[in-house]
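Participant: Quick one, final.cif (mmCIF, C-alpha atoms):
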```cif
data_structure
loop_
_atom_site.group_PDB
_atom_site.id
_atom_site.type_symbol
_atom_site.label_atom_id
_atom_site.label_comp_id
_atom_site.auth_asym_id
_atom_site.auth_seq_id
_atom_site.Cartn_x
_atom_site.Cartn_y
_atom_site.Cartn_z
ATOM 1 C CA MET A 1 68.100 -110.169 11.918
ATOM 2 C CA GLY A 2 64.958 -111.934 13.118
ATOM 3 C CA GLU A 3 62.493 -109.828 11.123
ATOM 4 C CA LYS A 4 63.943 -110.604 7.723
ATOM 5 C CA TYR A 5 63.922 -114.349 8.439
ATOM 6 C CA LYS A 6 60.255 -114.579 9.343
ATOM 7 C CA PRO A 7 58.816 -115.151 5.848
ATOM 8 C CA TRP A 8 60.772 -118.357 5.344
ATOM 9 C CA ILE A 9 62.230 -119.551 8.610
ATOM 10 C CA ILE A 10 59.292 -121.808 9.462
ATOM 11 C CA PHE A 11 59.837 -123.992 6.413
ATOM 12 C CA LEU A 12 63.637 -123.717 6.370
ATOM 13 C CA PHE A 13 64.235 -127.003 8.117
ATOM 14 C CA LEU A 14 62.160 -128.786 5.481
ATOM 15 C CA LEU A 15 64.780 -127.675 2.988
ATOM 16 C CA ILE A 16 67.868 -128.237 5.092
ATOM 17 C CA ILE A 17 67.561 -131.999 4.996
ATOM 18 C CA THR A 18 67.443 -132.052 1.215
ATOM 19 C CA CYS A 19 70.487 -129.989 0.257
ATOM 20 C CA SER A 20 71.902 -131.372 -2.930
ATOM 21 C CA ARG A 21 75.668 -131.098 -3.037
ATOM 22 C CA ALA A 22 78.704 -130.582 -0.811
ATOM 23 C CA ARG A 23 80.091 -127.296 -1.928
ATOM 24 C CA GLU A 24 81.694 -123.998 -1.016
ATOM 25 C CA LEU A 25 79.324 -121.072 -0.876
ATOM 26 C CA VAL A 26 80.204 -117.461 -1.482
ATOM 27 C CA GLY A 27 77.401 -114.963 -0.890
ATOM 28 C CA SER A 28 76.932 -111.438 0.342
ATOM 29 C CA GLY A 29 76.259 -112.487 3.941
ATOM 30 C CA ALA A 30 76.153 -115.463 6.280
ATOM 31 C CA GLU A 31 72.353 -115.727 6.042
ATOM 32 C CA ASN A 32 72.463 -115.935 2.252
ATOM 33 C CA LYS A 33 75.110 -118.644 2.337
ATOM 34 C CA ILE A 34 73.051 -120.837 4.620
ATOM 35 C CA LEU A 35 69.969 -120.178 2.519
ATOM 36 C CA GLU A 36 71.853 -121.340 -0.573
ATOM 37 C CA ALA A 37 73.180 -124.396 1.237
ATOM 38 C CA ILE A 38 69.745 -125.557 2.269
ATOM 39 C CA SER A 39 67.500 -124.494 -0.587
ATOM 40 C CA ASP A 40 68.930 -126.276 -3.615
ATOM 41 C CA GLU A 41 66.544 -127.318 -6.368
ATOM 42 C CA ASN A 42 67.519 -131.010 -6.385
ATOM 43 C CA HIS A 43 65.249 -132.314 -3.633
ATOM 44 C CA GLU A 44 65.367 -136.026 -2.953
ATOM 45 C CA THR A 45 62.193 -138.014 -2.373
ATOM 46 C CA VAL A 46 62.635 -140.090 0.748
ATOM 47 C CA HIS A 47 60.435 -142.882 2.061
ATOM 48 C CA THR A 48 60.056 -143.718 5.717
ATOM 49 C CA GLU A 49 60.971 -147.370 5.229
ATOM 50 C CA HIS A 50 64.760 -147.596 5.055
ATOM 51 C CA GLU A 51 66.713 -150.382 3.441
ATOM 52 C CA HIS A 52 70.166 -151.834 4.042
ATOM 53 C CA ALA A 53 72.295 -153.381 1.383
ATOM 54 C CA HIS A 54 73.877 -156.698 2.368
ATOM 55 C CA VAL A 55 77.146 -155.743 4.049
ATOM 56 C CA HIS A 56 79.809 -158.239 5.062
ATOM 57 C CA SER A 57 81.450 -156.887 8.206
ATOM 58 C CA HIS A 58 82.990 -158.103 11.429
ATOM 59 C CA MET A 59 80.726 -155.495 13.097
ATOM 60 C CA ASP A 60 77.436 -156.995 11.926
ATOM 61 C CA HIS A 61 76.191 -157.092 15.513
ATOM 62 C CA MET A 62 76.546 -153.293 15.838
ATOM 63 C CA ASP A 63 73.796 -150.790 15.177
ATOM 64 C CA PRO A 64 74.397 -149.683 11.559
ATOM 65 C CA SER A 65 73.714 -146.051 12.508
ATOM 66 C CA VAL A 66 77.072 -145.839 14.341
ATOM 67 C CA MET A 67 78.996 -146.934 11.253
ATOM 68 C CA VAL A 68 80.209 -143.458 10.340
ATOM 69 C CA PHE A 69 83.655 -143.475 11.957
ATOM 70 C CA LEU A 70 87.101 -144.041 10.482
ATOM 71 C CA THR A 71 90.685 -143.014 11.176
ATOM 72 C CA PHE A 72 92.818 -140.553 9.239
ATOM 73 C CA GLU A 73 94.824 -143.499 7.903
ATOM 74 C CA ASP A 74 91.604 -144.886 6.370
ATOM 75 C CA LEU A 75 91.206 -141.844 4.125
ATOM 76 C CA LYS A 76 92.655 -143.334 0.958
ATOM 77 C CA VAL A 77 91.360 -143.388 -2.588
ATOM 78 C CA GLY A 78 90.278 -146.928 -3.435
ATOM 79 C CA LYS A 79 89.365 -147.888 0.127
ATOM 80 C CA THR A 80 86.003 -149.615 0.571
ATOM 81 C CA MET A 81 84.065 -149.539 3.824
ATOM 82 C CA ALA A 82 80.499 -149.770 5.084
ATOM 83 C CA VAL A 83 78.954 -146.371 5.847
ATOM 84 C CA TYR A 84 75.539 -145.391 7.184
ATOM 85 C CA PHE A 85 73.777 -142.343 5.703
ATOM 86 C CA PRO A 86 70.316 -141.660 7.168
ATOM 87 C CA LYS A 87 67.488 -140.739 4.805
ATOM 88 C CA ARG A 88 64.988 -138.577 6.652
ATOM 89 C CA ASP A 89 61.467 -137.717 5.571
ATOM 90 C CA PRO A 90 61.042 -133.931 5.138
ATOM 91 C CA ALA A 91 57.306 -134.188 5.777
ATOM 92 C CA THR A 92 57.805 -135.473 9.334
ATOM 93 C CA SER A 93 61.040 -133.690 10.308
ATOM 94 C CA PRO A 94 60.931 -130.951 12.990
ATOM 95 C CA LYS A 95 60.756 -127.419 11.651
ATOM 96 C CA LEU A 96 63.043 -124.525 12.488
ATOM 97 C CA TRP A 97 61.321 -121.916 14.635
ATOM 98 C CA PRO A 98 61.905 -118.141 14.567
ATOM 99 C CA ARG A 99 64.156 -116.962 17.397
ATOM 100 C CA GLU A 100 61.306 -115.152 19.142
ATOM 101 C CA GLU A 101 59.139 -118.267 19.231
ATOM 102 C CA ALA A 102 61.980 -120.594 20.279
ATOM 103 C CA GLU A 103 63.033 -118.269 23.077
ATOM 104 C CA SER A 104 59.466 -117.990 24.354
ATOM 105 C CA LEU A 105 59.832 -121.530 25.773
ATOM 106 C CA PRO A 106 62.425 -122.659 28.313
ATOM 107 C CA PHE A 107 65.126 -124.938 26.921
ATOM 108 C CA SER A 108 66.118 -126.595 30.158
ATOM 109 C CA LEU A 109 66.141 -130.089 31.600
ATOM 110 C CA ASN A 110 64.559 -128.951 34.858
ATOM 111 C CA GLN A 111 61.606 -127.616 32.854
ATOM 112 C CA LEU A 112 61.045 -130.926 31.057
ATOM 113 C CA PRO A 113 57.755 -131.768 32.876
ATOM 114 C CA ASN A 114 56.272 -128.449 31.777
ATOM 115 C CA LEU A 115 57.619 -128.823 28.261
ATOM 116 C CA LEU A 116 56.022 -132.257 27.930
ATOM 117 C CA LYS A 117 52.681 -130.672 28.768
ATOM 118 C CA VAL A 118 53.209 -127.943 26.154
ATOM 119 C CA PHE A 119 53.861 -130.551 23.447
ATOM 120 C CA SER A 120 51.293 -133.053 24.808
ATOM 121 C CA PHE A 121 53.832 -135.875 25.303
ATOM 122 C CA SER A 122 53.372 -138.393 28.095
ATOM 123 C CA PRO A 123 56.367 -138.710 30.471
ATOM 124 C CA ASN A 124 57.054 -142.307 29.398
ATOM 125 C CA SER A 125 56.758 -141.742 25.652
ATOM 126 C CA PRO A 126 59.648 -142.095 23.174
ATOM 127 C CA GLN A 127 59.304 -138.384 22.422
ATOM 128 C CA ALA A 128 59.789 -137.530 26.094
ATOM 129 C CA LYS A 129 62.914 -139.698 26.257
ATOM 130 C CA ALA A 130 64.308 -138.027 23.128
ATOM 131 C CA MET A 131 63.678 -134.570 24.558
ATOM 132 C CA GLU A 132 65.335 -135.556 27.826
ATOM 133 C CA ASP A 133 68.396 -136.927 26.032
ATOM 134 C CA THR A 134 68.746 -133.783 23.927
ATOM 135 C CA LEU A 135 68.401 -131.418 26.872
ATOM 136 C CA ARG A 136 70.834 -133.493 28.927
ATOM 137 C CA GLU A 137 73.390 -133.487 26.098
ATOM 138 C CA CYS A 138 72.971 -129.757 25.562
ATOM 139 C CA GLU A 139 73.521 -129.072 29.260
ATOM 140 C CA SER A 140 76.442 -131.479 29.677
ATOM 141 C CA LYS A 141 79.909 -130.067 30.284
ATOM 142 C CA ALA A 142 82.064 -129.530 27.221
ATOM 143 C CA ILE A 143 85.268 -131.537 26.962
ATOM 144 C CA LYS A 144 88.579 -129.742 27.367
ATOM 145 C CA GLY A 145 89.254 -127.428 24.439
ATOM 146 C CA GLU A 146 85.666 -127.564 23.163
ATOM 147 C CA VAL A 147 83.085 -124.803 22.947
ATOM 148 C CA LYS A 148 79.508 -126.000 22.465
ATOM 149 C CA PHE A 149 76.062 -124.494 22.038
ATOM 150 C CA CYS A 150 72.615 -125.818 21.190
ATOM 151 C CA ALA A 151 71.043 -123.524 18.615
ATOM 152 C CA THR A 152 67.251 -123.382 18.600
ATOM 153 C CA SER A 153 67.036 -120.938 15.683
ATOM 154 C CA LEU A 154 69.019 -119.975 12.601
ATOM 155 C CA GLU A 155 69.830 -116.626 14.169
ATOM 156 C CA SER A 156 71.329 -118.188 17.282
ATOM 157 C CA MET A 157 73.335 -120.620 15.128
ATOM 158 C CA LEU A 158 74.830 -117.734 13.154
ATOM 159 C CA ASP A 159 75.542 -115.765 16.323
ATOM 160 C CA PHE A 160 77.466 -118.694 17.789
ATOM 161 C CA ALA A 161 79.375 -119.373 14.570
ATOM 162 C CA GLN A 162 80.413 -115.744 14.240
ATOM 163 C CA THR A 163 81.551 -115.681 17.861
ATOM 164 C CA ILE A 164 83.855 -118.632 17.179
ATOM 165 C CA LEU A 165 84.936 -117.822 13.623
ATOM 166 C CA GLY A 166 85.034 -114.045 13.894
ATOM 167 C CA SER A 167 82.248 -111.591 13.227
ATOM 168 C CA THR A 168 84.183 -109.906 10.407
ATOM 169 C CA HIS A 169 84.625 -113.101 8.388
ATOM 170 C CA GLU A 170 82.411 -114.249 5.576
ATOM 171 C CA LEU A 171 81.233 -117.794 6.186
ATOM 172 C CA GLN A 172 81.312 -120.870 3.999
ATOM 173 C CA VAL A 173 78.844 -123.700 4.534
ATOM 174 C CA PHE A 174 79.544 -127.320 3.620
ATOM 175 C CA THR A 175 77.130 -130.242 3.589
ATOM 176 C CA THR A 176 77.004 -133.859 2.485
ATOM 177 C CA SER A 177 74.824 -134.448 -0.557
ATOM 178 C CA HIS A 178 73.329 -137.472 -2.304
ATOM 179 C CA GLN A 179 73.731 -137.382 -6.075
ATOM 180 C CA THR A 180 71.306 -140.266 -6.656
ATOM 181 C CA LYS A 181 67.931 -141.205 -5.221
ATOM 182 C CA SER A 182 67.929 -144.369 -3.175
ATOM 183 C CA LEU A 183 66.307 -145.991 -0.158
ATOM 184 C CA VAL A 184 69.532 -147.710 0.902
ATOM 185 C CA THR A 185 70.952 -146.257 4.117
ATOM 186 C CA PHE A 186 73.779 -148.716 4.834
ATOM 187 C CA GLN A 187 76.105 -150.261 2.296
ATOM 188 C CA ASN A 188 79.734 -150.503 1.187
ATOM 189 C CA TYR A 189 81.168 -147.413 -0.466
ATOM 190 C CA THR A 190 84.445 -146.977 -2.335
ATOM 191 C CA PHE A 191 86.427 -143.743 -1.922
ATOM 192 C CA GLU A 192 86.808 -142.312 -5.425
ATOM 193 C CA SER A 193 88.401 -138.942 -4.653
ATOM 194 C CA ILE A 194 89.413 -137.056 -1.515
ATOM 195 C CA VAL A 195 89.902 -133.296 -1.366
ATOM 196 C CA GLU A 196 91.123 -131.478 1.737
ATOM 197 C CA ILE A 197 89.344 -128.186 2.408
ATOM 198 C CA PRO A 198 91.602 -125.756 4.314
ATOM 199 C CA ALA A 199 89.984 -124.236 7.399
ATOM 200 C CA SER A 200 91.741 -122.538 10.301
ATOM 201 C CA LYS A 201 88.625 -122.974 12.438
ATOM 202 C CA MET A 202 85.298 -124.709 12.003
ATOM 203 C CA VAL A 203 81.896 -125.010 13.650
ATOM 204 C CA ALA A 204 80.003 -128.265 13.166
ATOM 205 C CA CYS A 205 76.239 -128.293 13.708
ATOM 206 C CA HIS A 206 74.360 -131.569 14.175
ATOM 207 C CA THR A 207 70.599 -132.041 14.286
ATOM 208 C CA MET A 208 69.139 -133.241 17.593
ATOM 209 C CA PRO A 209 65.776 -134.948 18.271
ATOM 210 C CA TYR A 210 63.301 -132.365 19.571
ATOM 211 C CA PRO A 211 59.762 -131.145 18.722
ATOM 212 C CA TYR A 212 61.305 -128.267 16.763
ATOM 213 C CA ALA A 213 64.704 -128.077 15.056
ATOM 214 C CA VAL A 214 67.666 -127.970 17.425
ATOM 215 C CA PHE A 215 71.298 -128.013 16.300
ATOM 216 C CA TYR A 216 74.155 -129.116 18.541
ATOM 217 C CA CYS A 217 76.963 -126.804 17.399
ATOM 218 C CA HIS A 218 80.523 -127.099 18.636
ATOM 219 C CA SER A 219 84.099 -126.153 17.898
ATOM 220 C CA GLN A 220 87.348 -127.666 19.167
ATOM 221 C CA GLU A 221 90.678 -125.965 19.729
ATOM 222 C CA SER A 222 92.638 -129.093 18.850
ATOM 223 C CA GLU A 223 93.692 -129.790 15.274
ATOM 224 C CA ASN A 224 90.895 -130.750 12.907
ATOM 225 C CA LYS A 225 90.928 -131.476 9.194
ATOM 226 C CA MET A 226 88.023 -131.348 6.750
ATOM 227 C CA TYR A 227 87.597 -133.315 3.540
ATOM 228 C CA LYS A 228 85.148 -133.679 0.692
ATOM 229 C CA VAL A 229 85.004 -137.371 -0.298
ATOM 230 C CA ALA A 230 83.362 -138.678 -3.463
ATOM 231 C CA LEU A 231 81.834 -142.084 -2.734
ATOM 232 C CA GLY A 232 80.522 -144.796 -5.026
ATOM 233 C CA GLY A 233 78.069 -147.250 -3.488
ATOM 234 C CA GLU A 234 77.760 -150.942 -4.265
ATOM 235 C CA ASN A 235 74.320 -150.316 -5.751
ATOM 236 C CA GLY A 236 75.465 -147.361 -7.852
ATOM 237 C CA ASP A 237 74.652 -144.626 -5.336
ATOM 238 C CA ARG A 238 76.771 -141.486 -5.579
ATOM 239 C CA VAL A 239 77.503 -139.371 -2.506
ATOM 240 C CA GLU A 240 79.619 -136.256 -2.031
ATOM 241 C CA ALA A 241 80.326 -136.650 1.656
ATOM 242 C CA MET A 242 81.865 -134.284 4.154
ATOM 243 C CA VAL A 243 84.352 -135.840 6.572
ATOM 244 C CA VAL A 244 85.927 -134.160 9.592
ATOM 245 C CA CYS A 245 88.996 -135.650 11.283
ATOM 246 C CA HIS A 246 89.785 -134.860 14.917
ATOM 247 C CA MET A 247 93.513 -135.361 15.227
ATOM 248 C CA ASP A 248 93.671 -135.262 19.049
ATOM 249 C CA THR A 249 91.184 -137.441 20.970
ATOM 250 C CA SER A 250 93.089 -137.576 24.258
ATOM 251 C CA HIS A 251 90.413 -135.582 26.111
ATOM 252 C CA TRP A 252 87.462 -137.607 24.837
ATOM 253 C CA GLY A 253 85.617 -139.890 27.217
ATOM 254 C CA HIS A 254 86.384 -143.614 27.062
ATOM 255 C CA GLY A 255 82.712 -144.309 26.431
ATOM 256 C CA HIS A 256 82.593 -142.405 23.144
ATOM 257 C CA VAL A 257 80.980 -144.658 20.552
ATOM 258 C CA SER A 258 83.764 -144.011 18.026
ATOM 259 C CA PHE A 259 86.244 -145.914 20.199
ATOM 260 C CA GLN A 260 83.907 -148.894 20.334
ATOM 261 C CA VAL A 261 83.477 -148.897 16.546
ATOM 262 C CA LEU A 262 87.170 -148.435 15.767
ATOM 263 C CA LYS A 263 88.354 -150.561 18.727
ATOM 264 C CA VAL A 264 90.869 -147.937 19.878
ATOM 265 C CA GLU A 265 91.563 -145.944 23.042
ATOM 266 C CA PRO A 266 91.364 -142.140 23.513
ATOM 267 C CA GLY A 267 94.490 -140.367 22.324
ATOM 268 C CA THR A 268 95.920 -143.348 20.439
ATOM 269 C CA THR A 269 94.661 -142.322 17.007
ATOM 270 C CA SER A 270 92.685 -139.716 15.126
ATOM 271 C CA VAL A 271 88.927 -140.115 14.745
ATOM 272 C CA CYS A 272 87.171 -139.059 11.546
ATOM 273 C CA HIS A 273 83.461 -139.214 10.813
ATOM 274 C CA PHE A 274 81.055 -138.736 7.935
ATOM 275 C CA PHE A 275 78.395 -136.032 8.154
ATOM 276 C CA PRO A 276 74.761 -136.802 7.296
ATOM 277 C CA ALA A 277 73.093 -134.500 4.780
ATOM 278 C CA ASP A 278 71.184 -132.454 7.355
ATOM 279 C CA ASN A 279 74.302 -131.446 9.308
ATOM 280 C CA LEU A 280 76.321 -128.302 8.581
ATOM 281 C CA ILE A 281 79.977 -127.305 8.738
ATOM 282 C CA LEU A 282 80.624 -123.569 8.928
ATOM 283 C CA VAL A 283 84.109 -122.163 8.309
ATOM 284 C CA PRO A 284 85.566 -118.717 7.622
ATOM 285 C CA LYS A 285 86.123 -117.981 3.966
ATOM 286 C CA PRO A 286 89.871 -117.938 3.299
ATOM 287 C CA GLU A 287 91.300 -115.098 1.257
ATOM 288 C CA GLN A 288 93.159 -117.403 -1.126
ATOM 289 C CA HIS A 289 93.570 -121.119 -0.740
ATOM 290 C CA GLY A 290 93.774 -124.092 -3.012
ATOM 291 C CA LEU A 291 92.267 -127.477 -2.377
ATOM 292 C CA ALA A 292 94.630 -130.369 -1.701
ATOM 293 C CA THR A 293 93.735 -133.639 -3.402
ATOM 294 C CA MET A 294 94.780 -136.873 -1.747
#
```
What does the file become when written as structure tokens?
Facilitator:
Amino acid sequence: MGEKYKPWIIFLFLLIITCSRARELVGSGAENKILEAISDENHETVHTEHEHAHVHSHMDHMDPSVMVFLTFEDLKVGKTMAVYFPKRDPATSPKLWPREEAESLPFSLNQLPNLLKVFSFSPNSPQAKAMEDTLRECESKAIKGEVKFCATSLESMLDFAQTILGSTHELQVFTTSHQTKSLVTFQNYTFESIVEIPASKMVACHTMPYPYAVFYCHSQESENKMYKVALGGENGDRVEAMVVCHMDTSHWGHGHVSFQVLKVEPGTTSVCHFFPADNLILVPKPEQHGLATM
């Protein structure tokens, strides 16, 4: 699979952070679906200086970037809540490497000193700390019922997804998309419509800070639900956001940031979260399913 990716894989990550709409994809193969998901024509211009709308919240002292969590009970049409959606600059975002190039370097915490030399980062630099955090997270033990993998190439991401979802299944890819151009990253949004997307299994892939594109991909055995939520922002922004709800959090660590934001304890409630636009959800294509509107 690596050979046919080479012509475009270097610039693929530039496109992945600008996908335009949350949608179901049906193509002839998993590679084509991901290509469609990340190469839409509606590319958003993003500036490096982010802005926050004025948000009245009892959590004003919290870092806005953690304001992505909610409970299943919060998923109601008409609800208004503050949500953070990062806007990343494609020009400065890490690029996806071909599998051969990514695998030519060790991806290991004990090799960090050598890796810092390869990328010319000083040991005390912010880049070095980010690399250390990513490698540590990738090497940490999965929680009970979770399977995790850090993908350093598109090929390895697909391999992992097909291992979890079944190699004979066609894949669907879902992403959050911004329907309007805006610099605002944090503001109040009102839930305008909520559609459940049936999925027997799912693999979620989140971008991680690293010199080249790395995706933290994982799947959980416990019950999960996936929704497409149409949001209207206070300033007129329109977002089609993907939300995943984890119905059983009893095996999560007490220090998980979601419990601090929601002020709950592990196992006492579901935890849902919004996906930023450069994250992916991969699911097997069902033979015949309808979408349930809430």
Participant: Counting all atoms listed in the file, which of A:Leu183, A:Leu112, A:Val257, A:Leu154 gets nearest to Cys217 (chain A)?
Facilitator: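 Counting all atoms listed in the file, the residue closest to Cys217 (chain A) is A:Leu154.
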Participant: Run through the PyMOL selection byres ((chain A and resi 229-239) around 8) on the given coordinates and return the selected residues as a PyMOL selection string.
Facilitator: chain A and resi 176-182+187-195+227-228+240-243
Participant: With a distance cut-off of 8 Å and only C-alpha atoms, select the neighbouring residues of Met247 (chain A), excluding the residue or stretch itself and same-chain residues fewer than 3 positions from it, and output the selection as a PyMOL selection string.
Facilitator: chain A and resi 72+222-225+269-271
Participant: Report the distance between CA of Val118 (chain A) and CA of Thr134 (chain A) in Å, rounded to one decimal place.
Facilitator: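 Answer for the CA of Val118 (chain A) to CA of Thr134 (chain A) separation: 16.7 Å.
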Participant: To one decimal place, how far is CA of Gly255 (chain A) from CA of Ile281 (chain A) in Å?
Facilitator: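 Computing it gives 24.7 Å between the two atoms.
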Participant: List the neighbours of region 258-268 of chain A out to 9 Å using all atoms listed in the file; skip same-chain residues closer than 2 positions along the sequence, and give me the result as a list of chain:residue names.
Facilitator: A:Met59, A:Met62, A:Val66, A:Met67, A:Val68, A:Phe69, A:Leu70, A:Thr71, A:Met247, A:Asp248, A:Thr249, A:Ser250, A:His251, A:Trp252, A:Gly253, A:His254, A:Gly255, A:His256, A:Ser270, A:Val271, A:Cys272, A:His273
Participant: Find the residue from A:Ser65, A:Ser125, A:Asn279, A:Thr80 that sits nearest to Phe174 (chain A); use all atoms listed in the file when measuring.
Facilitator: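 Among A:Ser65, A:Ser125, A:Asn279, A:Thr80, it is A:Asn279 that comes nearest to Phe174 (chain A).
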Participant: Kindly give the distance, in Å, that separates CA of Phe149 (chain A) and CA of Ile164 (chain A), rounded to a single decimal.
Facilitator: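 One can read the CA of Phe149 (chain A) to CA of Ile164 (chain A) distance as 10.9 Å.
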Participant: To verify the selection step, state as a VMD selection string which residues the PyMOL selection byres ((chain A and resi 137) around 12) yields on this input.
Facilitator: chain A and resid 107 to 109 130 to 136 138 to 142 148 to 150 208 to 209 214 to 217
Participant: Which of these residues is nearest to Leu115 (chain A), using all atoms listed in the file: A:Leu280, A:Ala128, A:Ala151, A:Ile143?
Facilitator: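 Ranked by minimum distance to Leu115 (chain A), first place goes to A:Ala128.
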Participant: Nearest residue to Ala213 (chain A) out of A:Ser120, A:Asn114, A:Thr92, A:Ser153, using all atoms listed in the file?
Facilitator: A:Ser153
Participant: For Leu158 (chain A), which residue among A:Val184, A:Ala102, A:Ile197, A:Ala204 is the nearest when counting all atoms listed in the file?
Facilitator: A:Ala204
Participant: Determine the nearest neighbour of Lys201 (chain A) from the options A:Glu100, A:His246, A:Gln111, A:Val283, counting all atoms listed in the file.
Facilitator: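 Using all atoms listed in the file, Lys201 (chain A) sits closest to A:Val283.
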Participant: Could you list the residues chosen by the PyMOL selection byres ((chain A and resi 95) around 6) in this structure as a list in words?
Facilitator: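 Against this file, the PyMOL selection byres ((chain A and resi 95) around 6) returns the residues Phe13, Pro94, Leu96, Tyr212 and Ala213 of chain A.
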Participant: Box time for region 226-230 of chain A: axis-aligned, enclosing all its listed atoms, 4 Å extra on each side; report centre and edge lengths in Å to one decimal, as AutoDock Vina command-line options.
Facilitator:
```
--center_x 85.7 --center_y -135.0 --center_z 1.6 --size_x 12.7 --size_y 15.3 --size_z 18.2
```
Participant: Kindly complete region 150-162 of chain A to N, CA, C and O atoms; the output should be written as a PDB file, in the frame of the given file.
Facilitator:
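Generated file (result.pdb):
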```pdb
ATOM      1  N   CYS A 150      73.768-125.261  21.879  1.00  0.00           N
ATOM      2  CA  CYS A 150      72.615-125.818  21.190  1.00  0.00           C
ATOM      3  C   CYS A 150      71.778-124.671  20.622  1.00  0.00           C
ATOM      4  O   CYS A 150      71.199-123.879  21.367  1.00  0.00           O
ATOM      5  N   ALA A 151      71.752-124.600  19.301  1.00  0.00           N
ATOM      6  CA  ALA A 151      71.043-123.524  18.615  1.00  0.00           C
ATOM      7  C   ALA A 151      69.607-123.932  18.367  1.00  0.00           C
ATOM      8  O   ALA A 151      69.348-124.988  17.777  1.00  0.00           O
ATOM      9  N   THR A 152      68.676-123.108  18.793  1.00  0.00           N
ATOM     10  CA  THR A 152      67.251-123.382  18.600  1.00  0.00           C
ATOM     11  C   THR A 152      66.648-122.534  17.492  1.00  0.00           C
ATOM     12  O   THR A 152      65.443-122.580  17.258  1.00  0.00           O
ATOM     13  N   SER A 153      67.490-121.751  16.814  1.00  0.00           N
ATOM     14  CA  SER A 153      67.036-120.938  15.683  1.00  0.00           C
ATOM     15  C   SER A 153      68.226-120.681  14.776  1.00  0.00           C
ATOM     16  O   SER A 153      69.385-120.829  15.185  1.00  0.00           O
ATOM     17  N   LEU A 154      67.945-120.293  13.529  1.00  0.00           N
ATOM     18  CA  LEU A 154      69.019-119.975  12.601  1.00  0.00           C
ATOM     19  C   LEU A 154      69.826-118.789  13.100  1.00  0.00           C
ATOM     20  O   LEU A 154      71.055-118.754  12.995  1.00  0.00           O
ATOM     21  N   GLU A 155      69.130-117.802  13.666  1.00  0.00           N
ATOM     22  CA  GLU A 155      69.830-116.626  14.169  1.00  0.00           C
ATOM     23  C   GLU A 155      70.830-116.974  15.253  1.00  0.00           C
ATOM     24  O   GLU A 155      71.967-116.491  15.256  1.00  0.00           O
ATOM     25  N   SER A 156      70.415-117.837  16.194  1.00  0.00           N
ATOM     26  CA  SER A 156      71.329-118.188  17.282  1.00  0.00           C
ATOM     27  C   SER A 156      72.492-119.036  16.770  1.00  0.00           C
ATOM     28  O   SER A 156      73.607-118.963  17.294  1.00  0.00           O
ATOM     29  N   MET A 157      72.245-119.851  15.726  1.00  0.00           N
ATOM     30  CA  MET A 157      73.335-120.620  15.128  1.00  0.00           C
ATOM     31  C   MET A 157      74.378-119.690  14.523  1.00  0.00           C
ATOM     32  O   MET A 157      75.589-119.857  14.723  1.00  0.00           O
ATOM     33  N   LEU A 158      73.916-118.686  13.774  1.00  0.00           N
ATOM     34  CA  LEU A 158      74.830-117.734  13.154  1.00  0.00           C
ATOM     35  C   LEU A 158      75.577-116.921  14.197  1.00  0.00           C
ATOM     36  O   LEU A 158      76.781-116.660  14.056  1.00  0.00           O
ATOM     37  N   ASP A 159      74.888-116.527  15.255  1.00  0.00           N
ATOM     38  CA  ASP A 159      75.542-115.765  16.323  1.00  0.00           C
ATOM     39  C   ASP A 159      76.688-116.572  16.925  1.00  0.00           C
ATOM     40  O   ASP A 159      77.785-116.051  17.151  1.00  0.00           O
ATOM     41  N   PHE A 160      76.434-117.840  17.200  1.00  0.00           N
ATOM     42  CA  PHE A 160      77.466-118.694  17.789  1.00  0.00           C
ATOM     43  C   PHE A 160      78.632-118.870  16.823  1.00  0.00           C
ATOM     44  O   PHE A 160      79.802-118.743  17.206  1.00  0.00           O
ATOM     45  N   ALA A 161      78.318-119.153  15.556  1.00  0.00           N
ATOM     46  CA  ALA A 161      79.375-119.373  14.570  1.00  0.00           C
ATOM     47  C   ALA A 161      80.247-118.132  14.425  1.00  0.00           C
ATOM     48  O   ALA A 161      81.480-118.226  14.345  1.00  0.00           O
ATOM     49  N   GLN A 162      79.636-116.962  14.404  1.00  0.00           N
ATOM     50  CA  GLN A 162      80.413-115.744  14.240  1.00  0.00           C
ATOM     51  C   GLN A 162      81.236-115.427  15.479  1.00  0.00           C
ATOM     52  O   GLN A 162      82.311-114.834  15.382  1.00  0.00           O
TER      53      GLN A 162
END
```
